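Comments concern the structure below.
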Amino acid sequence: MAAIMEALQGFVASNNIMADQWAVVMIGLLFGLMIVGLVLGQELAFVLGGAGVIVGWIAWGDAGVTIAMTKVYDQMQSYSMVAIPMFVLMANFLTHSKVADGLFESIRYLFGPLKGGLGLAVIVVSTVFAATTGIVGASVVTMGMLSIPILLRSGYKPSLACGMVCAGGSLGILIPPSIMLVSMGSYAEVSVGKIFFAAIVPGLLLSLCYIIYVMIICHIHPDYGPAMSEQELAEMPLKQRITGSLINLVPPLILIFGVLGSIFGGFATPTEAAGVGALFSLILAIFYKQFNMKMLMDSLIDTAKTTAMVFIILFGAAAFTGVFMSLDGDQIIANWVMGMGIGKWGAFAIMMTIVFIMGMFIDWLGIVMIVFPIFLPIMDMFGFDRLWLVAVTAVMLQTCFMTPPFGFALFYVKGILPDDVKITEVYRGVIPFILIIVFVTVLCTVFPGIVTWLPNMVAG
């Protein structure tokens, strides 16, 4: 490595390469190393961190390594990041507490007489569960294990069943509280509380669009989502369905209002509210008689694993972006985009397209850590509201869990399916829901009030 450094630096000195040209070369090398590492199947955290350290060393020697490590240290000092392990712990306690089980059982009977009624129950329960977890893995796996066997047994088309679970479960990363929103807010230097406000209406709108799609497709093709039989409905009288749904809604609603209400009411920061949420979800596990030492240890170990995964990617990305910014990469790319003459909406379209394409190959955290340092300065120059931009990006990032070939939700669901249902059914099932996400992203772009209305109302 030392020989490579000396050769490159000697080449620059002997050929009088200008500083900005040298920066362009280093930026090209930075992204080139990242692409090579990802193509070779290496872990994202080490690809980003390794590329940052190597290019920093080549560009400035030991000082370049110091730049990368300083950015990592700055990331470690971010107080808002403390909310991440607490929200993860809350999600794990809730998953083990079986809160969603009784709620799904009651609501599936409540909607059972409708064509596609079980699908509606999946989306509704996923939406409620999303507001209590903030982790896609927990939401998708929980809803998949609860609903997929029942959906397939009830005659639902496998692709539709898989698509509903993938789409509904993925809402957990958009509807607050969400570790994705915490990370995005921290990096974009936007209030996490305000981002929570901004994401609520788009998240609920997305859920509503899923419901409308399921109702329409099952009306056009009744065999895709048949109604429950009279014999099944007779097992639970209407009064019991209504009371059961209301009773089972109470615990998650208390948790939602406790966590989000304390943030929105100004009584607690997101970090403090996350701690309260973790405590209350533990109380729920005790109340539902699911608490034992094994459950506690499993929850703590799962939390440690997820938190370690998130933070190691954050630290690797911090080293990458630290070197990128020190090379004035943001200004170089901003000047290049401005020189293209595509205007603010052209730049925005490019950003969303890159987010969508990258979502086919890497997870949301890597996308945020790569795209934000490049495009946030450009969007600032065009006068975009950062709060709106972050929220709209969060909506588009829903696709990264469902876009083939590497969407995480696809493989979570495939792991639950019986062997005779192929992965192609999962791929086929998510396509309409991906199009719905793109549609809602466009709606939020054309009508920005969908995002800004609630934050402005609360601020006012």
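Labeling convention for the structure tokens: chains A, B, ... as they appear, residues from 1 per chain, ligands from 1 in order of appearance.
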Using DSSP on the backbone, list every residue of stretch 83-188 of chain A that comes out as helix (DSSP H, G or I), and give them as a ChimeraX atom specification. /A:83-97,99-110,117-133,136-153,158-173,179-188
Give me, as a ChimeraX atom specification, all polymer residues having an atom no more than 9 Å from A:Met379, counting only C-alpha atoms and skipping those fewer than 6 positions away in the same chain. /A:334,344,347-348,385-386,389
Output file for the selection above: C-alpha atoms, as a PDB file, in the first residue's frame:
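Here's the written file again-v1.pdb:
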```
ATOM      1  CA  ALA A 334     -22.871  19.795  -7.022  1.00  0.00           C
ATOM      2  CA  LYS A 344     -34.068  21.373  -9.371  1.00  0.00           C
ATOM      3  CA  ALA A 347     -31.715  16.757  -9.852  1.00  0.00           C
ATOM      4  CA  PHE A 348     -34.440  15.468  -7.534  1.00  0.00           C
ATOM      5  CA  ASP A 385     -36.688  21.832   2.424  1.00  0.00           C
ATOM      6  CA  ARG A 386     -34.485  19.210   4.092  1.00  0.00           C
ATOM      7  CA  LEU A 389     -36.614  15.797   1.267  1.00  0.00           C
TER       8      LEU A 389
END
```
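What separates atom CA of A:Ile313 from atom CA of A:Leu365 is a distance of 7.3 Å.
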Spatial neighbours of A:Ile350, max dist 12 Å, only C-alpha atoms, sep filter under 5 positions, as an MDAnalysis selection string: chainID A and resid 337 340 342:345 355:357 371 374:375 378:379
Save the residues we just selected, C-alpha atoms, as a short mmCIF file (atom, residue, chain, number, x, y, z; two decimals), in the first residue's frame?
```
data_model
loop_
_atom_site.label_atom_id
_atom_site.label_comp_id
_atom_site.auth_asym_id
_atom_site.auth_seq_id
_atom_site.Cartn_x
_atom_site.Cartn_y
_atom_site.Cartn_z
CA VAL A 337 -25.04 18.64 -11.59
CA MET A 340 -25.99 19.96 -16.54
CA ILE A 342 -31.45 19.94 -15.57
CA GLY A 343 -32.98 22.19 -12.91
CA LYS A 344 -34.07 21.37 -9.37
CA TRP A 345 -36.64 18.74 -10.33
CA VAL A 355 -32.13 5.57 -4.40
CA PHE A 356 -34.48 3.16 -6.19
CA ILE A 357 -31.75 1.41 -8.18
CA VAL A 371 -26.61 9.29 -1.28
CA ILE A 374 -23.67 13.64 -2.40
CA PHE A 375 -27.16 15.04 -2.85
CA ILE A 378 -27.09 19.88 -4.14
CA MET A 379 -30.66 19.95 -2.85
#
```
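Considering only C-alpha atoms, the residue among A:Pro149, A:Gly316, A:Gly266, A:Gly244 positioned nearest to A:Val421 is A:Pro149.
Checking A:Phe129, A:Phe433, A:Phe439, A:Tyr210 one by one against A:Leu253, counting only C-alpha atoms, you find the shortest gap at A:Phe129.
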If we count only C-alpha atoms, what is near stretch 111-128 of chain A at a cut-off of 8 Å, once residues fewer than 6 positions away on the same chain are taken out, given as a PyMOL selection string? chain A and resi 100+103-104+139+143+147+151+161+164-165+168-169+171-172+175+204+207+210-211+214-215+218-219+222+224-229+233+252-253
